[in-house]
Every structure is written in structure tokens, then in C-alpha cells.
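Structure file structure-v2.cif (mmCIF, C-alpha atoms and all ligand atoms) is printed below.
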data_protein
#
loop_
_atom_site.label_atom_id
_atom_site.label_comp_id
_atom_site.auth_asym_id
_atom_site.auth_seq_id
_atom_site.Cartn_x
_atom_site.Cartn_y
_atom_site.Cartn_z
CA MET A 1 -78.27 -38.34 -44.41
CA LYS A 2 -75.28 -39.98 -42.79
CA ILE A 3 -75.76 -41.67 -39.49
CA ILE A 4 -72.82 -41.21 -37.13
CA PRO A 5 -71.70 -44.63 -35.98
CA SER A 6 -71.94 -44.93 -32.20
CA TYR A 7 -68.86 -47.10 -31.82
CA PRO A 8 -66.18 -44.36 -32.02
CA LEU A 9 -68.11 -42.32 -29.43
CA ALA A 10 -68.33 -45.27 -27.04
CA ALA A 11 -64.62 -45.92 -27.53
CA LEU A 12 -63.87 -42.30 -26.75
CA GLN A 13 -66.03 -42.39 -23.64
CA PHE A 14 -64.28 -45.54 -22.50
CA LEU A 15 -60.88 -43.96 -23.07
CA LEU A 16 -61.90 -40.89 -21.06
CA LEU A 17 -63.11 -43.11 -18.23
CA VAL A 18 -59.83 -45.03 -18.17
CA LEU A 19 -57.89 -41.76 -18.16
CA LEU A 20 -59.96 -40.37 -15.32
CA LEU A 21 -59.83 -43.52 -13.19
CA GLY A 22 -56.24 -44.37 -14.03
CA PHE A 23 -54.89 -40.89 -13.36
CA PRO A 24 -56.89 -39.28 -10.56
CA LEU A 25 -56.83 -35.57 -11.22
CA PRO A 26 -55.93 -33.09 -8.50
CA SER A 27 -59.09 -31.49 -7.19
CA SER A 28 -58.26 -27.92 -8.08
CA ALA A 29 -56.18 -25.94 -10.52
CA SER A 30 -53.89 -24.69 -7.76
CA GLU A 31 -53.27 -28.23 -6.56
CA MET A 32 -52.40 -29.11 -10.13
CA ARG A 33 -49.62 -26.53 -10.06
CA LEU A 34 -48.23 -27.78 -6.77
CA ASP A 35 -44.93 -29.62 -6.69
CA GLU A 36 -44.62 -33.17 -5.41
CA GLN A 37 -43.28 -32.21 -1.98
CA SER A 38 -46.19 -29.87 -1.35
CA LEU A 39 -48.64 -32.55 -2.47
CA ARG A 40 -46.96 -34.86 0.01
CA CYS A 41 -47.47 -32.32 2.81
CA ILE A 42 -51.14 -31.84 2.00
CA ASN A 43 -51.62 -35.58 1.84
CA CYS A 44 -51.21 -35.57 5.64
CA HIS A 45 -52.08 -31.95 6.38
CA GLU A 46 -55.45 -32.12 4.72
CA ASN A 47 -57.22 -28.93 3.73
CA SER A 48 -54.02 -26.98 4.00
CA ILE A 49 -54.68 -25.41 0.62
CA GLN A 50 -57.93 -23.98 -0.71
CA GLY A 51 -58.54 -21.97 -3.84
CA GLY A 52 -54.84 -21.32 -4.44
CA LEU A 53 -54.25 -20.20 -0.85
CA VAL A 54 -52.39 -22.02 1.90
CA CYS A 55 -54.38 -22.50 5.09
CA HIS A 56 -52.85 -22.24 8.53
CA LYS A 57 -54.48 -22.14 11.92
CA GLY A 58 -55.31 -18.48 11.39
CA GLY A 59 -57.09 -19.12 8.07
CA CYS A 60 -56.39 -19.47 4.37
CA ASP A 61 -54.30 -16.42 3.68
CA HIS A 62 -51.27 -16.97 1.50
CA LEU A 63 -50.71 -17.57 -2.17
CA ILE A 64 -49.13 -20.89 -3.14
CA GLY A 65 -48.35 -22.70 -6.39
CA GLU A 66 -47.79 -19.51 -8.41
CA ASP A 67 -44.68 -18.44 -10.29
CA TYR A 68 -42.64 -16.13 -8.06
CA ALA A 69 -40.88 -14.21 -10.85
CA GLU A 70 -44.25 -13.38 -12.43
CA GLN A 71 -45.59 -12.14 -9.10
CA ALA A 72 -42.46 -10.10 -8.42
CA ALA A 73 -42.65 -8.52 -11.88
CA ARG A 74 -46.20 -7.36 -11.07
CA ASN A 75 -45.61 -6.41 -7.47
CA ARG A 76 -42.52 -4.25 -6.92
CA THR A 77 -42.69 -4.59 -3.14
CA LEU A 78 -41.51 -8.20 -3.58
CA THR A 79 -37.79 -9.00 -3.52
CA PRO A 80 -36.54 -9.65 -7.08
CA PRO A 81 -36.04 -13.39 -7.66
CA SER A 82 -32.28 -12.99 -8.16
CA SER A 83 -31.88 -11.43 -4.68
CA LEU A 84 -33.97 -13.95 -2.76
CA ASN A 85 -32.41 -15.62 0.27
CA PRO A 86 -31.38 -19.04 -1.13
CA ALA A 87 -32.86 -20.71 1.96
CA LEU A 88 -36.29 -19.86 0.50
CA LYS A 89 -36.50 -22.57 -2.12
CA LEU A 90 -38.76 -21.98 -5.06
CA ILE A 91 -39.82 -25.23 -6.71
CA ASN A 92 -39.78 -24.86 -10.49
CA GLY A 93 -39.91 -21.16 -9.76
CA ARG A 94 -43.10 -21.51 -7.73
CA VAL A 95 -43.99 -20.95 -4.09
CA GLY A 96 -44.63 -24.29 -2.34
CA CYS A 97 -44.74 -25.54 1.24
CA LEU A 98 -40.97 -26.01 1.05
CA THR A 99 -40.44 -22.35 0.30
CA CYS A 100 -41.25 -21.54 3.92
CA HIS A 101 -40.87 -24.93 5.60
CA ILE A 102 -38.12 -27.47 6.12
CA PRO A 103 -38.46 -30.59 3.93
CA PHE A 104 -40.43 -33.57 5.17
CA ASP A 105 -38.24 -36.27 6.67
CA LYS A 106 -39.95 -39.51 7.65
CA LYS A 107 -37.51 -40.19 10.48
CA SER A 108 -37.57 -36.81 12.18
CA HIS A 109 -40.83 -35.03 11.24
CA LEU A 110 -42.95 -36.12 14.21
CA ASP A 111 -40.07 -35.73 16.59
CA ILE A 112 -39.38 -32.15 15.50
CA ALA A 113 -43.13 -31.41 15.50
CA ALA A 114 -43.47 -32.74 19.05
CA LYS A 115 -40.52 -30.68 20.26
CA ARG A 116 -41.37 -27.62 18.16
CA PHE A 117 -42.41 -25.37 21.02
CA GLU A 118 -39.72 -26.66 23.33
CA ILE A 119 -37.10 -25.85 20.68
CA TYR A 120 -38.72 -22.48 20.09
CA LYS A 121 -38.52 -21.67 23.80
CA ALA A 122 -34.89 -22.75 23.98
CA THR A 123 -33.56 -21.21 20.75
CA GLY A 124 -36.14 -18.57 19.85
CA THR A 125 -36.49 -20.16 16.40
CA ASP A 126 -39.26 -22.28 14.90
CA PRO A 127 -37.44 -25.47 13.77
CA MET A 128 -40.03 -26.18 11.06
CA LEU A 129 -39.45 -23.00 9.10
CA ALA A 130 -36.89 -22.60 6.31
CA VAL A 131 -35.98 -19.09 7.50
CA ASP A 132 -36.22 -17.64 10.99
CA ASN A 133 -39.42 -15.63 11.34
CA ASN A 134 -38.46 -13.48 14.30
CA GLY A 135 -39.34 -9.89 13.51
CA SER A 136 -41.23 -11.36 10.52
CA GLY A 137 -37.86 -12.23 8.95
CA LEU A 138 -39.35 -14.97 6.80
CA CYS A 139 -42.09 -12.69 5.48
CA MET A 140 -39.72 -9.78 4.90
CA ALA A 141 -37.35 -11.97 2.91
CA CYS A 142 -39.95 -11.65 0.13
CA HIS A 143 -42.06 -8.66 1.20
CA ARG A 144 -39.75 -5.68 1.31
CA LYS A 145 -42.34 -3.57 3.04
C1 LIG A 201 -46.81 -38.69 6.72
C2 LIG A 201 -47.63 -37.57 7.13
C3 LIG A 201 -47.02 -36.19 7.12
C4 LIG A 201 -46.37 -35.55 6.09
C5 LIG A 201 -46.02 -36.10 4.71
C6 LIG A 201 -46.09 -34.21 6.55
N1 LIG A 201 -46.54 -34.06 7.83
FE1 LIG A 201 -46.32 -32.40 8.97
N2 LIG A 201 -47.05 -33.41 10.58
C7 LIG A 201 -47.64 -34.67 10.53
C8 LIG A 201 -48.13 -35.00 11.86
C9 LIG A 201 -48.87 -36.29 12.22
C10 LIG A 201 -47.81 -33.91 12.70
C11 LIG A 201 -48.08 -33.79 14.21
C12 LIG A 201 -49.53 -33.54 14.46
C13 LIG A 201 -49.91 -32.17 13.98
O1 LIG A 201 -49.46 -31.20 14.57
O2 LIG A 201 -50.65 -32.09 12.98
C14 LIG A 201 -47.15 -32.93 11.87
C15 LIG A 201 -46.72 -31.69 12.31
C16 LIG A 201 -46.29 -30.65 11.48
C17 LIG A 201 -46.01 -29.30 11.90
C18 LIG A 201 -46.10 -28.78 13.34
C19 LIG A 201 -47.55 -28.54 13.63
C20 LIG A 201 -47.83 -27.89 14.94
O3 LIG A 201 -49.05 -27.67 15.20
O4 LIG A 201 -46.91 -27.59 15.70
C21 LIG A 201 -45.66 -28.59 10.80
C22 LIG A 201 -45.28 -27.13 10.73
C23 LIG A 201 -45.72 -29.50 9.68
N3 LIG A 201 -46.10 -30.74 10.14
C24 LIG A 201 -45.46 -29.15 8.39
C25 LIG A 201 -45.35 -30.05 7.34
C26 LIG A 201 -44.89 -29.69 6.02
C27 LIG A 201 -44.55 -28.30 5.56
C28 LIG A 201 -44.85 -30.86 5.30
C29 LIG A 201 -44.32 -31.06 3.91
C30 LIG A 201 -42.95 -30.56 3.67
C31 LIG A 201 -45.34 -31.93 6.16
N4 LIG A 201 -45.62 -31.39 7.38
C32 LIG A 201 -45.46 -33.24 5.79
C33 LIG A 201 -47.70 -35.48 9.43
C34 LIG A 201 -47.11 -35.23 8.21
C1 LIG A 202 -45.37 -18.08 2.90
C2 LIG A 202 -44.81 -19.00 3.83
C3 LIG A 202 -45.51 -20.30 4.10
C4 LIG A 202 -45.95 -21.22 3.20
C5 LIG A 202 -45.92 -21.14 1.68
C6 LIG A 202 -46.46 -22.33 3.97
N1 LIG A 202 -46.33 -22.08 5.31
FE1 LIG A 202 -46.92 -23.28 6.83
N2 LIG A 202 -46.34 -21.89 8.20
C7 LIG A 202 -45.73 -20.70 7.89
C8 LIG A 202 -45.43 -19.99 9.13
C9 LIG A 202 -44.74 -18.64 9.24
C10 LIG A 202 -45.89 -20.82 10.18
C11 LIG A 202 -45.81 -20.54 11.69
C12 LIG A 202 -47.08 -19.91 12.12
C13 LIG A 202 -47.15 -19.85 13.61
O1 LIG A 202 -47.12 -20.91 14.24
O2 LIG A 202 -47.28 -18.75 14.12
C14 LIG A 202 -46.47 -22.01 9.57
C15 LIG A 202 -47.06 -23.03 10.26
C16 LIG A 202 -47.52 -24.21 9.69
C17 LIG A 202 -48.10 -25.31 10.43
C18 LIG A 202 -48.33 -25.35 11.92
C19 LIG A 202 -49.80 -25.16 12.30
C20 LIG A 202 -50.42 -23.90 11.73
O3 LIG A 202 -51.37 -24.05 10.96
O4 LIG A 202 -49.97 -22.79 12.07
C21 LIG A 202 -48.40 -26.30 9.52
C22 LIG A 202 -49.01 -27.66 9.80
C23 LIG A 202 -48.02 -25.79 8.22
N3 LIG A 202 -47.49 -24.52 8.35
C24 LIG A 202 -48.16 -26.49 7.05
C25 LIG A 202 -47.94 -25.95 5.78
C26 LIG A 202 -48.20 -26.68 4.54
C27 LIG A 202 -48.71 -28.09 4.46
C28 LIG A 202 -47.88 -25.82 3.52
C29 LIG A 202 -48.06 -26.04 2.05
C30 LIG A 202 -49.42 -26.44 1.61
C31 LIG A 202 -47.41 -24.58 4.13
N4 LIG A 202 -47.47 -24.70 5.49
C32 LIG A 202 -46.98 -23.46 3.41
C33 LIG A 202 -45.43 -20.23 6.63
C34 LIG A 202 -45.75 -20.86 5.43
C1 LIG A 203 -41.24 -16.83 -1.06
C2 LIG A 203 -41.68 -15.46 -0.91
C3 LIG A 203 -42.74 -15.15 0.11
C4 LIG A 203 -42.68 -15.31 1.48
C5 LIG A 203 -41.57 -15.95 2.29
C6 LIG A 203 -43.88 -14.72 2.00
N1 LIG A 203 -44.65 -14.23 0.99
FE1 LIG A 203 -46.43 -13.26 1.15
N2 LIG A 203 -46.64 -13.24 -0.84
C7 LIG A 203 -45.71 -13.70 -1.74
C8 LIG A 203 -46.24 -13.57 -3.09
C9 LIG A 203 -45.54 -13.97 -4.38
C10 LIG A 203 -47.50 -12.99 -2.94
C11 LIG A 203 -48.48 -12.64 -4.05
C12 LIG A 203 -48.08 -11.30 -4.55
C13 LIG A 203 -49.20 -10.36 -4.67
O1 LIG A 203 -50.26 -10.62 -4.08
O2 LIG A 203 -48.99 -9.34 -5.36
C14 LIG A 203 -47.73 -12.80 -1.52
C15 LIG A 203 -48.86 -12.19 -0.99
C16 LIG A 203 -49.03 -11.91 0.35
C17 LIG A 203 -50.13 -11.16 0.90
C18 LIG A 203 -51.27 -10.59 0.09
C19 LIG A 203 -51.16 -9.09 0.02
C20 LIG A 203 -50.06 -8.63 -0.87
O3 LIG A 203 -49.06 -8.05 -0.39
O4 LIG A 203 -50.18 -8.79 -2.08
C21 LIG A 203 -49.94 -11.08 2.25
C22 LIG A 203 -50.82 -10.40 3.28
C23 LIG A 203 -48.71 -11.80 2.53
N3 LIG A 203 -48.17 -12.28 1.36
C24 LIG A 203 -48.18 -11.95 3.79
C25 LIG A 203 -47.07 -12.72 4.09
C26 LIG A 203 -46.64 -13.06 5.43
C27 LIG A 203 -47.33 -12.60 6.71
C28 LIG A 203 -45.53 -13.84 5.30
C29 LIG A 203 -44.71 -14.48 6.41
C30 LIG A 203 -45.41 -15.48 7.20
C31 LIG A 203 -45.27 -13.98 3.88
N4 LIG A 203 -46.22 -13.30 3.18
C32 LIG A 203 -44.19 -14.68 3.34
C33 LIG A 203 -44.47 -14.21 -1.46
C34 LIG A 203 -44.00 -14.50 -0.19
#
Could you write out this structure as C-alpha cells?
Ligand code: HEC
Ligand code: HEC
Ligand code: HEC
Amino acid sequence: MKIIPSYPLAALQFLLLVLLLGFPLPSSASEMRLDEQSLRCINCHENSIQGGLVCHKGGCDHLIGEDYAEQAARNRTLTPPSSLNPALKLINGRVGCLTCHIPFDKKSHLDIAAKRFEIYKATGTDPMLAVDNNGSGLCMACHRK
């Protein structure tokens, strides 16, 4: 009978430990699919995604981190990728925070956030969205019905 030497196993365990500690893994599969900008958003806006869904004040209710073309191929009520409003940016073809929101800018983020409702009252447009959502315009840019 051959006895398996314990050294290679210990070495493997050590390597795994280094990998785990050295490269902290995202906590869920959907976070793993998220682009860097979205990860940056959720760094500050904690708990804004759960189980592949983006969470807003009203709850966790929208898909994020998935390939848009794949979704549109399955669901014909979605606008085909080639006809999407270019203001809705897909990141590597996927839906991220930046698909619906303006990019994060260190200098202006808090300022725009603080004045968000003031700007909304004055212009009728939410300054933190990529596409105006009056009459559900943002939603309808992807959902054709
Ligand atoms: C460095 C931290 C930080 C990053 C990164 C960040 N935010 Fe924010 N954001 C804040 C803070 C702080 C506020 C103001 C307090 C609040 O409303 O949570 C805010 C406010 C907002 C608001 C307005 C909230 C409201 O209640 O009116 C939106 C929308 C928003 N952020 C979206 C985003 C998105 C989308 C991203 C990524 C593109 C992002 N933020 C990245 C810190 C951050
Ligand atoms: C499918 C479009 C869509 C995506 C994707 C999306 N948002 Fe939003 N978000 C909205 C809309 C629309 C609003 C405005 C809701 C309102 O105030 O009525 C909003 C509002 C917000 C607010 C203001 C407070 C709140 O909860 O309503 C924050 C903060 C925010 N989003 C952060 C994020 C972050 C962070 C991500 C990515 C993890 C993200 N959003 C992804 C559409 C989106
Ligand atoms: C960038 C395109 C995009 C935008 C903008 C967008 N969605 Fe979606 N939405 C999707 C995709 C992709 C799915 C997943 C497709 C599916 O479930 O078949 C989805 C799914 C949904 C669902 C689940 C039910 C369904 O139709 O499958 C609801 C509800 C929904 N979205 C509402 C909204 C609302 C409300 C807004 C505006 C705040 C919005 N969406 C903006 C792409 C988008």
C-alpha cells in the first residue's frame, strides 16, 4: 500500500489560502459579473445589489450584471441591442449601474446628489440618471411594452 505524502496536500492548502487572502473574492456570483464602475458604486452604496438584483429604496427589483443581448434574445419585449439608445451604456454587453446612471465623479457626485431634487424641480429631470425617466422613458428605452 502506498502512503500519500502529506507535503503536497499541505502545499496545496497553503496555496489556496494565499489565493483566497490575496485576492478577496466577490461575495456572490452576480457581484463577480459586475464591472469595475458598478463595484465602485456598491462600495459606497452598500447592499445595493442582492442575488443578482439591484436594490433601490423600493426594494431589490431589477436584474443587473447579465448580458443584455442574451436577455433580449429570450425576451422579445426588450429593444434589440443594435437599436438601444446609446446613452444607455452596456458594460462588456452587461447591465451595470452605469447603464441607468451617470458615471461617478469624485468632484461632483455629492454636489449633484445634494441638489438632485432641486434640479429635478427646476428642470423636471433627475440629474443622476443616464436617460430621462419622465413617462418611464428610461424603462421604455429597453422595455418596449
Ligand atoms: C465614494 C463614495 C460613493 C461612490 C463611489 C458613489 N456614491 Fe453615490 N452617493 C454617495 C453619497 C455619500 C451620497 C449622498 C448620500 C446618499 O444619498 O446616500 C450619494 C448619493 C447618490 C445618489 C442620490 C441618492 C439620493 O437619495 O438622492 C445616487 C442616485 C447615487 N449616489 C448613485 C451612485 C452611482 C450609480 C454610483 C456609481 C456610478 C455612485 N453613486 C457612486 C457616495 C458614493
Ligand atoms: C435599470 C436601471 C437602473 C439600474 C441598473 C440601477 N439604477 Fe439606481 N436608480 C434607477 C432609477 C430609475 C432611480 C430613480 C428612482 C427614484 O428616485 O424614483 C434610481 C435611483 C437610485 C438611487 C437613489 C436612491 C434610491 O434607492 O432610489 C441610488 C443610490 C441608486 N439608484 C444607486 C444605484 C446603484 C449603486 C446601482 C448599481 C448597483 C444602480 N442604482 C443601478 C435606475 C437604475
Ligand atoms: C438597459 C436596459 C434596461 C433598462 C433601462 C430597464 N430594464 Fe428592466 N429589464 C431589463 C432586462 C435585460 C431584464 C431581464 C429580462 C427578463 O426578465 O426577461 C429586465 C427585467 C425587468 C423586470 C422583470 C420583469 C420582466 O419584464 O421580465 C421589470 C419589472 C423591469 N425590468 C422593470 C424596469 C423598470 C421599471 C425600469 C425603469 C426604471 C427598467 N426595467 C429599466 C433591461 C432594462
Which residues are near ligand LIG 203 (chain A) - at most 7 Å, using only C-alpha atoms and all ligand atoms? Format: as a count of residues only.
20
Got a sec to check which residues lie within 7 Å of ligand LIG 201 (chain A), using only C-alpha atoms and all ligand atoms, and send them as JSON, numbers by chain?
{"A": [37, 38, 40, 41, 42, 43, 44, 45, 97, 98, 101, 102, 103, 104, 106, 109, 110, 113, 114, 116, 128]}
Atom CA of A:Ile112 to atom C18 of ligand LIG 202 (chain A), straight-line distance in Å
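Pair atom C18 of ligand LIG 202 (chain A) / atom CA of A:Ile112 returns 11.8 Å.
Shortest separation to A:Asp111 among A:Gly59, A:Asp35, A:Gln50, A:Pro127 occurs at residue A:Pro127, atoms counted being all atoms listed in the file.
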In Å, with one decimal, what is the gap from atom C5 of ligand LIG 202 (chain A) to atom CA of A:Ile119?
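If I compute the distance from atom C5 of ligand LIG 202 (chain A) to atom CA of A:Ile119, I get 21.5 Å.
When atom CA of A:Asn47 is paired with atom N1 of ligand LIG 202 (chain A), their separation reads 13.0 Å.
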Would you please work out which residue, of A:Gly135, A:Pro81, A:Gly96, A:Gly52, is nearest to ligand LIG 202 (chain A) when using all atoms listed in the file?
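Between A:Gly135, A:Pro81, A:Gly96, A:Gly52, the residue approaching ligand LIG 202 (chain A) most closely is A:Gly96.
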Could you give me the axis-aligned bounding box of ligand LIG 202 (chain A), with 8 Å of padding per side, as centre plus edge lengths in Å to one decimal, as AutoDock Vina command-line options?
--center_x -48.1 --center_y -23.1 --center_z 7.9 --size_x 22.6 --size_y 26.0 --size_z 28.6
Between A:Thr123, A:Thr79, A:Asn85, A:Asn134, which residue has the minimum interatomic distance to ligand LIG 202 (chain A), considering only C-alpha atoms and all ligand atoms?
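For ligand LIG 202 (chain A), the nearest of the given residues is A:Asn134.
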Nearest to ligand LIG 202 (chain A) among A:Ser48, A:Thr77, A:Thr125, A:Gly93, with distances taken over all atoms listed in the file: which residue is it?
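Under the stated criterion, the closest residue is A:Ser48.
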Of the candidates A:Ala73, A:Leu78, A:Ala130, A:Ala87, which shows the shortest atom-to-atom distance to ligand LIG 202 (chain A), using only C-alpha atoms and all ligand atoms?
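Comparing A:Ala73, A:Leu78, A:Ala130, A:Ala87 against ligand LIG 202 (chain A), the winner is A:Ala130.
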